[in-house]
file upload-v5.txt (compact mmCIF, C-alpha atoms (C1' of nucleotides))
# COMPACT_ATOMS: atom_id res chain seq x y z
CA MET A 522 0.00 0.00 0.00
CA ALA A 523 1.92 2.92 1.23
CA LEU A 524 -0.37 5.86 1.75
CA GLY A 525 1.09 9.13 0.77
CA THR A 526 3.49 6.39 -0.20
CA ASP A 527 3.70 5.36 3.44
CA TYR A 528 1.36 5.57 6.38
CA GLU A 529 4.25 7.05 8.31
CA LEU A 530 2.36 8.53 11.19
CA GLN A 531 -0.16 5.80 11.83
CA ASP A 532 0.45 4.64 15.37
CA CYS A 533 -0.54 1.10 14.63
CA ALA A 534 1.17 -2.11 13.74
CA LEU A 535 -1.56 -2.70 11.21
CA ALA A 536 -0.44 0.28 9.17
CA ARG A 537 3.11 -1.07 9.21
CA ALA A 538 1.86 -4.44 7.99
CA LEU A 539 -0.12 -2.78 5.24
CA GLU A 540 2.97 -0.94 4.07
CA VAL A 541 4.45 -4.34 3.35
CA VAL A 542 1.53 -6.40 2.11
CA GLY A 543 -1.17 -3.81 1.57
CA GLU A 544 -0.37 -2.71 -1.95
CA ARG A 545 -2.59 -3.69 -4.76
CA TRP A 546 -1.29 -7.14 -5.67
CA SER A 547 1.01 -7.97 -2.78
CA LEU A 548 -1.24 -10.26 -0.81
CA LEU A 549 -2.27 -12.18 -3.92
CA ILE A 550 1.38 -12.74 -4.72
CA VAL A 551 1.95 -14.04 -1.21
CA ARG A 552 -1.09 -16.28 -1.55
CA ASP A 553 0.30 -17.69 -4.79
CA ALA A 554 3.60 -18.32 -3.06
CA PHE A 555 1.73 -20.43 -0.48
CA TYR A 556 0.08 -22.27 -3.37
CA GLY A 557 3.53 -23.25 -4.63
CA VAL A 558 4.00 -20.66 -7.34
CA GLN A 559 7.66 -19.67 -7.48
CA ARG A 560 8.51 -18.35 -10.94
CA PHE A 561 8.05 -14.93 -12.43
CA ASN A 562 6.11 -16.21 -15.42
CA ASP A 563 3.86 -18.38 -13.28
CA PHE A 564 2.88 -15.44 -11.09
CA LEU A 565 2.33 -13.49 -14.28
CA ALA A 566 0.07 -16.09 -15.86
CA HIS A 567 -1.90 -16.86 -12.73
CA LEU A 568 -2.50 -13.29 -11.60
CA GLY A 569 -2.85 -11.50 -14.91
CA ILE A 570 -0.77 -8.68 -13.45
CA PRO A 571 1.29 -6.24 -15.57
CA ARG A 572 4.91 -7.34 -15.76
CA ALA A 573 6.29 -4.07 -14.46
CA VAL A 574 4.03 -4.19 -11.42
CA LEU A 575 4.98 -7.80 -10.72
CA THR A 576 8.66 -6.89 -10.85
CA ALA A 577 8.10 -4.01 -8.45
CA ARG A 578 6.03 -6.07 -6.00
CA LEU A 579 8.38 -9.04 -5.96
CA ASN A 580 11.33 -6.75 -5.30
CA ALA A 581 9.42 -4.95 -2.56
CA LEU A 582 8.44 -8.23 -0.91
CA VAL A 583 12.03 -9.45 -1.06
CA ALA A 584 13.23 -6.15 0.42
CA ALA A 585 10.65 -6.48 3.19
CA GLY A 586 11.89 -9.99 4.00
CA VAL A 587 8.64 -11.72 3.06
CA LEU A 588 10.08 -13.49 0.01
CA ARG A 589 13.61 -14.52 -0.93
CA LYS A 590 15.15 -15.27 -4.32
CA GLU A 591 16.41 -18.82 -4.73
CA PRO A 592 18.31 -19.89 -7.90
CA TYR A 593 16.88 -23.00 -9.49
CA GLN A 594 19.25 -23.17 -12.46
CA GLN A 595 22.62 -21.70 -13.40
CA ALA A 596 22.81 -22.01 -17.17
CA PRO A 597 20.87 -18.86 -17.86
CA LEU A 598 20.66 -17.83 -14.22
CA ARG A 599 17.08 -18.15 -13.06
CA HIS A 600 15.61 -17.90 -9.63
CA GLY A 601 12.28 -18.52 -8.02
CA TYR A 602 10.63 -16.51 -5.24
CA LEU A 603 10.07 -18.41 -2.01
CA LEU A 604 8.48 -17.44 1.29
CA THR A 605 10.82 -16.65 4.16
CA ASP A 606 9.96 -17.54 7.76
CA VAL A 607 8.49 -14.05 8.10
CA GLY A 608 6.41 -14.66 5.00
CA LEU A 609 5.21 -18.02 6.29
CA GLU A 610 3.78 -16.29 9.34
CA LEU A 611 1.36 -14.50 7.04
CA TRP A 612 -0.54 -17.75 6.60
CA GLY A 613 -2.82 -17.04 9.57
CA PRO A 614 -4.08 -13.61 8.51
CA LEU A 615 -4.18 -14.65 4.89
CA TYR A 616 -6.25 -17.77 5.60
CA GLN A 617 -8.67 -15.90 7.82
CA LEU A 618 -9.13 -13.09 5.36
CA SER A 619 -9.72 -15.65 2.66
CA ARG A 620 -12.35 -17.39 4.77
CA TRP A 621 -14.04 -14.07 5.43
CA GLY A 622 -14.10 -13.40 1.71
CA GLY A 623 -15.51 -16.85 1.10
CA ARG A 624 -18.33 -16.29 3.58
CA HIS A 625 -19.29 -12.77 2.64
CA ALA A 626 -18.02 -11.78 -0.75
CA THR A 627 -17.82 -14.85 -2.97
CA PRO A 628 -20.97 -15.80 -4.82
CA GLY A 629 -20.73 -19.47 -5.71
CA GLY A 630 -18.71 -20.23 -2.63
CA PRO A 631 -14.95 -20.55 -2.15
CA HIS A 632 -12.89 -21.96 -4.99
CA HIS A 633 -10.49 -23.88 -2.80
CA LEU A 634 -10.80 -25.89 0.39
CA PHE A 635 -8.02 -26.49 2.88
CA ALA A 636 -7.46 -29.60 4.97
CA HIS A 637 -4.96 -30.93 7.49
CA LEU A 638 -2.43 -32.99 5.54
CA ALA A 639 -1.98 -35.51 8.37
CA CYS A 640 -5.62 -36.46 8.88
CA GLY A 641 -7.54 -35.02 5.94
CA THR A 642 -9.91 -32.99 8.11
CA ASP A 643 -10.96 -29.60 6.76
CA LEU A 644 -9.56 -26.67 8.70
CA ASP A 645 -11.87 -24.59 10.86
CA LEU A 646 -12.35 -20.85 10.76
CA ILE A 647 -9.09 -20.02 12.48
CA GLY A 648 -7.07 -22.56 10.48
CA ALA A 649 -6.88 -25.22 13.16
CA CYS A 650 -7.68 -28.92 12.68
CA PRO A 651 -10.91 -29.79 14.50
CA ALA A 652 -9.92 -33.47 14.65
CA CYS A 653 -6.39 -33.09 15.93
CA GLY A 654 -7.01 -30.10 18.20
CA GLY A 655 -4.36 -27.62 19.11
CA GLY A 656 -3.68 -24.30 17.46
CA PRO A 657 -3.63 -23.30 13.82
CA VAL A 658 -2.03 -25.81 11.47
CA PRO A 659 1.20 -24.49 9.91
CA PRO A 660 0.99 -24.09 6.14
CA ALA A 661 3.44 -26.91 5.43
CA GLU A 662 0.87 -29.31 6.93
CA VAL A 663 -2.05 -28.09 4.86
CA THR A 664 -3.33 -29.35 1.52
CA MET A 665 -5.59 -27.48 -0.82
CA ARG A 666 -8.11 -28.82 -3.31
CA PRO A 667 -10.74 -27.24 -5.55
CA ASN A 668 -14.20 -26.85 -4.05
CA PRO A 669 -16.45 -29.30 -5.96
CA ALA A 670 -19.50 -27.24 -4.97
CA HIS A 671 -18.14 -24.09 -6.51
CA THR A 672 -20.23 -22.73 -9.32
CA GLY A 673 -18.86 -20.39 -11.92
CA GLY A 674 -15.91 -20.24 -14.22
CA ARG A 675 -12.32 -21.05 -13.50
CA ARG A 676 -9.23 -19.54 -14.95
CA GLU A 677 -7.52 -21.33 -17.79
CA ASP A 678 -3.85 -20.55 -17.31
CA PRO A 679 -1.33 -23.36 -16.68
CA VAL A 680 -1.05 -22.55 -12.99
CA SER A 681 -4.79 -22.69 -12.41
CA ARG A 682 -4.90 -25.96 -14.28
CA ALA A 683 -2.13 -27.38 -12.10
CA LEU A 684 -4.06 -26.34 -8.99
CA VAL A 685 -7.06 -28.43 -10.02
CA ARG A 686 -5.49 -31.48 -8.43
CA PRO A 687 -5.12 -31.63 -4.63
CA HIS A 688 -1.81 -30.19 -3.63
CA PRO A 689 0.09 -29.51 -0.40
CA LEU A 690 0.82 -25.87 0.25
CA LEU A 691 4.34 -24.65 -0.45
CA GLU A 692 5.08 -27.59 -2.75
CA PRO A 693 6.20 -26.23 -6.15
CA ILE A 694 3.43 -26.49 -8.70
CA ALA A 695 3.77 -28.86 -11.64
CA SER A 696 4.62 -26.11 -14.08
CA ALA A 697 7.75 -25.29 -12.13
CA ALA A 698 8.54 -28.92 -11.23
CA ALA A 699 9.24 -29.59 -14.90
CA ALA A 700 12.57 -27.77 -14.56
CA MET B 291 -7.96 -2.20 -3.68
CA ALA B 292 -9.75 -3.18 -6.80
CA LEU B 293 -7.26 -4.21 -9.45
CA GLY B 294 -8.09 -3.01 -12.89
CA THR B 295 -10.66 -1.67 -10.46
CA ASP B 296 -11.66 -5.24 -9.62
CA TYR B 297 -9.81 -8.52 -9.53
CA GLU B 298 -12.69 -9.94 -11.50
CA LEU B 299 -11.12 -13.16 -12.67
CA GLN B 300 -9.20 -14.21 -9.58
CA ASP B 301 -10.57 -17.60 -8.58
CA CYS B 302 -9.99 -16.99 -4.94
CA ALA B 303 -12.02 -15.80 -2.02
CA LEU B 304 -9.04 -13.72 -0.97
CA ALA B 305 -9.33 -11.57 -4.07
CA ARG B 306 -13.00 -11.02 -3.30
CA ALA B 307 -12.12 -9.98 0.24
CA LEU B 308 -9.48 -7.60 -1.07
CA GLU B 309 -12.01 -5.97 -3.37
CA VAL B 310 -13.89 -4.98 -0.25
CA VAL B 311 -11.16 -4.18 2.28
CA GLY B 312 -8.02 -4.11 0.15
CA GLU B 313 -8.08 -0.54 -1.01
CA ARG B 314 -5.59 1.88 0.39
CA TRP B 315 -7.32 3.06 3.55
CA SER B 316 -10.14 0.57 3.95
CA LEU B 317 -8.62 -1.69 6.56
CA LEU B 318 -7.44 1.26 8.64
CA ILE B 319 -10.97 2.63 8.60
CA VAL B 320 -12.29 -0.73 9.76
CA ARG B 321 -9.62 -0.84 12.47
CA ASP B 322 -10.71 2.60 13.67
CA ALA B 323 -14.31 1.41 13.73
CA PHE B 324 -13.22 -1.38 16.09
CA TYR B 325 -11.47 1.25 18.20
CA GLY B 326 -14.78 3.04 18.61
CA VAL B 327 -14.42 5.74 15.99
CA GLN B 328 -17.80 6.43 14.44
CA ARG B 329 -17.90 9.95 13.03
CA PHE B 330 -16.66 11.29 9.76
CA ASN B 331 -14.55 13.98 11.34
CA ASP B 332 -13.02 11.57 13.82
CA PHE B 333 -11.91 9.21 11.07
CA LEU B 334 -10.59 12.23 9.25
CA ALA B 335 -8.55 13.49 12.21
CA HIS B 336 -7.23 10.11 13.26
CA LEU B 337 -6.25 8.86 9.83
CA GLY B 338 -5.12 12.05 8.14
CA ILE B 339 -6.89 10.87 4.99
CA PRO B 340 -8.18 13.23 2.28
CA ARG B 341 -11.85 13.98 2.80
CA ALA B 342 -12.88 12.86 -0.67
CA VAL B 343 -11.15 9.54 -0.21
CA LEU B 344 -12.75 9.01 3.19
CA THR B 345 -16.17 9.69 1.70
CA ALA B 346 -15.53 7.19 -1.08
CA ARG B 347 -14.21 4.49 1.29
CA LEU B 348 -17.01 4.85 3.82
CA ASN B 349 -19.60 4.62 1.07
CA ALA B 350 -17.88 1.58 -0.40
CA LEU B 351 -17.72 -0.15 2.98
CA VAL B 352 -21.39 0.59 3.58
CA ALA B 353 -22.24 -0.74 0.13
CA ALA B 354 -20.23 -3.87 0.86
CA GLY B 355 -22.12 -4.42 4.09
CA VAL B 356 -19.11 -3.96 6.36
CA LEU B 357 -20.33 -0.71 7.89
CA ARG B 358 -23.78 0.78 8.34
CA LYS B 359 -24.89 4.35 8.87
CA GLU B 360 -26.63 5.01 12.15
CA PRO B 361 -28.17 8.41 12.94
CA TYR B 362 -27.03 9.83 16.26
CA GLN B 363 -28.97 13.08 16.09
CA GLN B 364 -31.87 14.46 14.08
CA ALA B 365 -31.58 18.21 14.40
CA PRO B 366 -29.09 18.61 11.64
CA LEU B 367 -29.23 14.97 10.59
CA ARG B 368 -25.94 13.33 11.47
CA HIS B 369 -24.95 9.69 11.43
CA GLY B 370 -22.04 7.63 12.55
CA TYR B 371 -20.54 4.63 10.83
CA LEU B 372 -20.79 1.36 12.76
CA LEU B 373 -19.59 -2.14 12.04
CA THR B 374 -22.20 -4.62 10.86
CA ASP B 375 -22.06 -8.30 11.84
CA VAL B 376 -20.12 -8.92 8.65
CA GLY B 377 -17.70 -6.18 9.60
CA LEU B 378 -17.29 -7.57 13.11
CA GLU B 379 -16.08 -10.83 11.60
CA LEU B 380 -13.08 -8.97 10.25
CA TRP B 381 -11.69 -8.76 13.77
CA GLY B 382 -9.83 -12.07 13.42
CA PRO B 383 -7.89 -11.30 10.23
CA LEU B 384 -7.36 -7.71 11.31
CA TYR B 385 -5.98 -8.68 14.69
CA GLN B 386 -3.66 -11.29 13.23
CA LEU B 387 -2.36 -8.98 10.54
CA SER B 388 -1.77 -6.37 13.19
CA ARG B 389 0.18 -8.84 15.32
CA TRP B 390 2.25 -9.82 12.29
CA GLY B 391 3.01 -6.18 11.67
CA GLY B 392 3.93 -5.73 15.30
CA ARG B 393 6.36 -8.64 15.18
CA HIS B 394 8.00 -7.92 11.86
CA ALA B 395 7.46 -4.39 10.74
CA THR B 396 7.13 -2.12 13.76
CA PRO B 397 10.33 -0.74 15.23
CA GLY B 398 9.66 0.27 18.83
CA GLY B 399 7.06 -2.45 19.25
CA PRO B 400 3.27 -2.33 18.94
CA HIS B 401 1.48 0.84 20.01
CA HIS B 402 -1.52 -0.92 21.48
CA LEU B 403 -2.03 -4.07 23.52
CA PHE B 404 -5.22 -6.09 23.63
CA ALA B 405 -6.59 -7.99 26.61
CA HIS B 406 -9.63 -10.07 27.50
CA LEU B 407 -12.14 -7.72 29.14
CA ALA B 408 -13.42 -10.39 31.53
CA CYS B 409 -10.11 -11.43 33.05
CA GLY B 410 -7.54 -8.86 31.95
CA THR B 411 -5.25 -11.40 30.33
CA ASP B 412 -3.46 -10.32 27.16
CA LEU B 413 -4.66 -12.07 24.03
CA ASP B 414 -2.41 -14.60 22.34
CA LEU B 415 -1.34 -14.67 18.71
CA ILE B 416 -4.65 -15.86 17.37
CA GLY B 417 -6.69 -13.51 19.54
CA ALA B 418 -7.74 -16.08 22.15
CA CYS B 419 -7.47 -15.65 25.92
CA PRO B 420 -4.74 -17.94 27.30
CA ALA B 421 -6.31 -17.86 30.76
CA CYS B 422 -9.90 -18.60 29.80
CA GLY B 423 -9.18 -21.01 26.98
CA GLY B 424 -11.51 -21.50 24.08
CA GLY B 425 -11.37 -19.84 20.69
CA PRO B 426 -10.68 -16.28 19.71
CA VAL B 427 -12.30 -13.66 21.95
CA PRO B 428 -14.99 -11.65 20.11
CA PRO B 429 -14.12 -7.95 19.77
CA ALA B 430 -16.85 -6.83 22.18
CA GLU B 431 -14.99 -8.67 24.96
CA VAL B 432 -11.61 -7.09 24.23
CA THR B 433 -10.04 -3.98 25.71
CA MET B 434 -7.17 -2.05 24.24
CA ARG B 435 -4.55 0.06 26.00
CA PRO B 436 -1.39 1.82 24.88
CA ASN B 437 1.81 -0.19 25.06
CA PRO B 438 3.89 1.37 27.85
CA ALA B 439 7.04 -0.12 26.33
CA HIS B 440 6.47 1.57 23.01
CA THR B 441 9.15 4.00 22.02
CA GLY B 442 8.59 6.75 19.51
CA GLY B 443 6.09 9.47 18.92
CA ARG B 444 2.35 9.33 19.11
CA ARG B 445 -0.17 11.23 17.11
CA GLU B 446 -1.71 14.31 18.63
CA ASP B 447 -5.22 14.37 17.25
CA PRO B 448 -8.22 14.19 19.61
CA VAL B 449 -8.94 10.57 18.73
CA SER B 450 -5.40 9.44 19.48
CA ARG B 451 -5.55 11.32 22.76
CA ALA B 452 -8.80 9.62 23.66
CA LEU B 453 -7.23 6.24 22.94
CA VAL B 454 -4.49 6.82 25.49
CA ARG B 455 -6.77 5.55 28.25
CA PRO B 456 -7.73 1.86 28.30
CA HIS B 457 -10.86 1.35 26.34
CA PRO B 458 -13.10 -1.56 25.33
CA LEU B 459 -13.33 -2.14 21.60
CA LEU B 460 -16.46 -0.94 19.83
CA GLU B 461 -17.32 1.50 22.64
CA PRO B 462 -17.67 4.99 21.13
CA ILE B 463 -14.62 7.10 21.87
CA ALA B 464 -14.88 10.11 24.18
CA SER B 465 -14.91 12.60 21.32
CA ALA B 466 -18.12 11.11 20.00
CA ALA B 467 -19.58 10.38 23.44
CA ALA B 468 -19.78 14.13 24.04
CA ALA B 469 -22.79 14.31 21.72
C1' DC C 329 -27.11 38.35 11.79
C1' DC C 330 -22.39 36.12 12.86
C1' DG C 331 -19.74 32.45 13.42
C1' DA C 332 -18.89 27.65 14.64
C1' DT C 333 -19.78 22.64 13.86
C1' DT C 334 -20.44 18.73 10.96
C1' DG C 335 -20.21 16.35 6.82
C1' DG C 336 -19.63 16.70 2.76
C1' DT C 337 -18.45 18.03 -2.82
C1' DC C 338 -15.35 20.09 -6.42
C1' DT C 339 -10.96 20.98 -8.69
C1' DG C 340 -6.51 20.86 -10.35
C1' DG C 341 -1.98 18.53 -9.99
C1' DT C 342 0.88 14.31 -9.18
C1' DG C 343 2.22 9.73 -8.91
C1' DA C 344 1.17 4.98 -9.60
C1' DA C 345 -1.06 1.16 -12.32
C1' DT C 346 -1.96 -0.52 -16.92
C1' DG C 347 -1.05 -2.92 -21.41
C1' DA C 348 1.87 -3.39 -25.18
C1' DA C 349 6.19 -3.47 -27.21
C1' DC C 350 10.92 -4.29 -26.84
C1' DC C 351 15.44 -6.32 -24.97
C1' DT C 352 18.86 -9.84 -23.24
C1' DT C 353 20.68 -14.31 -22.24
C1' DC C 354 20.87 -18.74 -23.02
C1' DG C 355 19.44 -23.50 -25.12
C1' DT C 356 17.73 -26.16 -29.02
C1' DC C 357 16.59 -27.39 -33.58
C1' DT C 358 17.90 -27.92 -38.27
C1' DA D 376 25.51 -20.94 -38.42
C1' DG D 377 20.99 -19.08 -38.20
C1' DA D 378 16.25 -19.20 -36.56
C1' DC D 379 13.47 -19.73 -32.88
C1' DG D 380 11.74 -19.89 -28.34
C1' DA D 381 11.73 -19.56 -23.18
C1' DA D 382 12.54 -16.79 -19.04
C1' DG D 383 12.74 -12.60 -16.87
C1' DG D 384 12.86 -8.24 -17.27
C1' DT D 385 12.75 -2.86 -18.94
C1' DT D 386 10.62 1.10 -21.37
C1' DC D 387 6.86 3.92 -22.72
C1' DA D 388 2.39 6.37 -23.35
C1' DT D 389 -2.06 6.44 -21.29
C1' DT D 390 -5.30 6.17 -17.74
C1' DC D 391 -6.79 6.36 -13.18
C1' DA D 392 -6.70 6.90 -8.34
C1' DC D 393 -4.84 9.76 -4.63
C1' DC D 394 -3.80 14.10 -2.73
C1' DA D 395 -4.37 18.84 -0.65
C1' DG D 396 -7.01 22.52 -0.30
C1' DA D 397 -10.98 25.40 -1.39
C1' DC D 398 -15.71 25.64 -1.37
C1' DC D 399 -20.69 24.47 0.02
C1' DA D 400 -24.94 23.49 2.93
C1' DA D 401 -27.74 22.69 7.08
C1' DT D 402 -28.24 23.83 11.81
C1' DC D 403 -27.41 25.86 16.30
C1' DG D 404 -25.75 29.28 19.99
C1' DG D 405 -25.20 33.93 21.04

call {"tool": "encode", "arguments": {"input": "upload-v5.txt", "output": "structure tokens"}}
result
Amino acid sequence: MALGTDYELQDCALARALEVVGERWSLLIVRDAFYGVQRFNDFLAHLGIPRAVLTARLNALVAAGVLRKEPYQQAPLRHGYLLTDVGLELWGPLYQLSRWGGRHATPGGPHHLFAHLACGTDLDLIGACPACGGGPVPPAEVTMRPNPAHTGGRREDPVSRALVRPHPLLEPIASAAAA
Amino acid sequence: MALGTDYELQDCALARALEVVGERWSLLIVRDAFYGVQRFNDFLAHLGIPRAVLTARLNALVAAGVLRKEPYQQAPLRHGYLLTDVGLELWGPLYQLSRWGGRHATPGGPHHLFAHLACGTDLDLIGACPACGGGPVPPAEVTMRPNPAHTGGRREDPVSRALVRPHPLLEPIASAAAA
DNA sequence: CCGATTGGTCTGGTGAATGAACCTTCGTCT
DNA sequence: AGACGAAGGTTCATTCACCAGACCAATCGG
């Protein structure tokens, strides 16, 4: 976000958080990173975002310590963008905001459902496993799958197609796994 | 937010949520509503937001069903902006995002601390009361107070000054209570 | 009648987002 | 060698949202 290009005087941690992940596409990029998207062109195809904006956001998220660049080949040097530990801690707010959107702003219901990898139970509202108890399940122990009850169109880019099959969070999507 | 003025094709509840609360000031306005801010001029003073933008955001949040207008006097008709039930459900994501910002993006530490009204225990990371157990505490049962350990300046508008004393969420702030 | 309070609208200027085209480095195919 | 394509950007003109500040309207107290 950055209001007045930064909310400098807001006496609130929320404003600070929004400086980092509040700009137009930032949180969607982070979400895609949780989904296993790592490469520039995969973010581009899945989000439909202008290239220049994607470049700017990825760099900003790396500078903020949410993402890090990790080389995946040397030949022509190429790197993917992966979540740091700081970035992984965004799973809680991101999941809850997503659930809120699913309840109140998504006609046709949510497109994806999230379950505990260990036991297959769907996560509750706060991201915990009702069967296993305890606190919120960390993202590495979560799998996502499309919502069969969802009505309405789906996107037709390679990333969206890869996400049709059930898939643990953070695991690189098929498109990138081909490398 | 609204990307291309709406993320129309994003197959994700998160994008829908961001259409509602993702624009530049929206989430800060909702946060202020939790703090007990209700009046146009109080939002204006506390946020330092341009009047035209505040008007647009408040109308958008009302249209989205997050806020509602409630008359507080008839003489010259005046109304405040209050959270609806849908808006109240944003407390979870908002609190968690705020905590994330406090951990990772706020030098000097968080400006406000949140405790369970019933027992005075500070809330944990997911917004639950460690002493009372159970799930996240609903906002009506939370009080906020300034963080005594916070270093750095504070704002000097009337709303910020009213928030210096401990204060239950959702209770109208002193400035508005004068009416 | 004068001014203050509240909650706006209007306007002109600036910076950021957008979409399309272009560039660079390498690998592969023929 | 030359053509082509993939990956990851950069550059550019246009549009659009944000910004600050001025202005407006209804009502009340003095």

call {"tool": "residues_around", "arguments": {"input": "upload-v5.txt", "residues": "A:Arg589", "least_positions_apart": "5", "cutoff": "10 Å", "atoms": "only C-alpha atoms (C1' of nucleotides)", "output": "list in words"}}
result
Leu579, Asn580, Leu582, Val583, Ala584, His600, Gly601, Tyr602, Leu603, Leu604, Thr605, Asp606 and Gly608 of chain A

call {"tool": "write_last_selection", "arguments": {"input": "upload-v5.txt", "atoms": "C-alpha atoms", "output": "compact mmCIF listing (two decimals), in the coordinates of the input"}}
result
# COMPACT_ATOMS: atom_id res chain seq x y z
CA LEU A 579 8.38 -9.04 -5.96
CA ASN A 580 11.33 -6.75 -5.30
CA LEU A 582 8.44 -8.23 -0.91
CA VAL A 583 12.03 -9.45 -1.06
CA ALA A 584 13.23 -6.15 0.42
CA HIS A 600 15.61 -17.90 -9.63
CA GLY A 601 12.28 -18.52 -8.02
CA TYR A 602 10.63 -16.51 -5.24
CA LEU A 603 10.07 -18.41 -2.01
CA LEU A 604 8.48 -17.44 1.29
CA THR A 605 10.82 -16.65 4.16
CA ASP A 606 9.96 -17.54 7.76
CA GLY A 608 6.41 -14.66 5.00

call {"tool": "residues_around", "arguments": {"input": "upload-v5.txt", "residues": "stretch 384-397 of chain D", "least_positions_apart": "6", "cutoff": "8 Å", "atoms": "only C-alpha atoms (C1' of nucleotides)", "output": "NGL selection string"}}
result
(:A and (525 or 573 or 576)) or (:B and (340 or 343)) or (:C and (342 or 345-346 or 350-351))

call {"tool": "interface_residues", "arguments": {"input": "upload-v5.txt", "of": "chain B", "to": "chain A", "cutoff": "9 Å", "atoms": "only C-alpha atoms", "output": "PyMOL selection string"}}
result
chain B and resi 291-293+297+299-310+312-315+317-318+321+336-339+354-355+376+379-380+382-396+399-402+416+425-426+443-445+450

call {"tool": "residues_around", "arguments": {"input": "upload-v5.txt", "residues": "D:DC398", "least_positions_apart": "5", "cutoff": "10 Å", "atoms": "all atoms listed in the file", "output": "JSON, numbers by chain"}}
result
{"C": [337, 338, 339]}

call {"tool": "atom_distance", "arguments": {"input": "upload-v5.txt", "atom1": "atom CA of B:Ala408", "atom2": "atom CA of B:Pro436"}}
result
18.4 Å

call {"tool": "residues_around", "arguments": {"input": "upload-v5.txt", "residues": "D:DG404", "least_positions_apart": "6", "cutoff": "12 Å", "atoms": "only C-alpha atoms (C1' of nucleotides)", "output": "number ranges by chain"}}
result
C: 330-333

call {"tool": "residues_around", "arguments": {"input": "upload-v5.txt", "residues": "A:Phe555", "least_positions_apart": "5", "cutoff": "9 Å", "atoms": "all atoms listed in the file", "output": "MDAnalysis selection string"}}
result
chainID A and resid 550 603:604 609 612 660:661 690:692

call {"tool": "interface_residues", "arguments": {"input": "upload-v5.txt", "of": "chain C", "to": "chain A", "cutoff": "12 Å", "atoms": "only C-alpha atoms (C1' of nucleotides)", "output": "list in words"}}
result
DT342, DG343, DA344, DA345, DT346, DG347, DA348, DT352, DT353, DC354 and DG355 of chain C

call {"tool": "atom_distance", "arguments": {"input": "upload-v5.txt", "atom1": "atom CA of B:Met434", "atom2": "atom CA of B:Ala350"}}
result
27.1 Å

call {"tool": "atom_distance", "arguments": {"input": "upload-v5.txt", "atom1": "atom CA of A:Pro689", "atom2": "atom CA of A:Val551"}}
result
15.6 Å
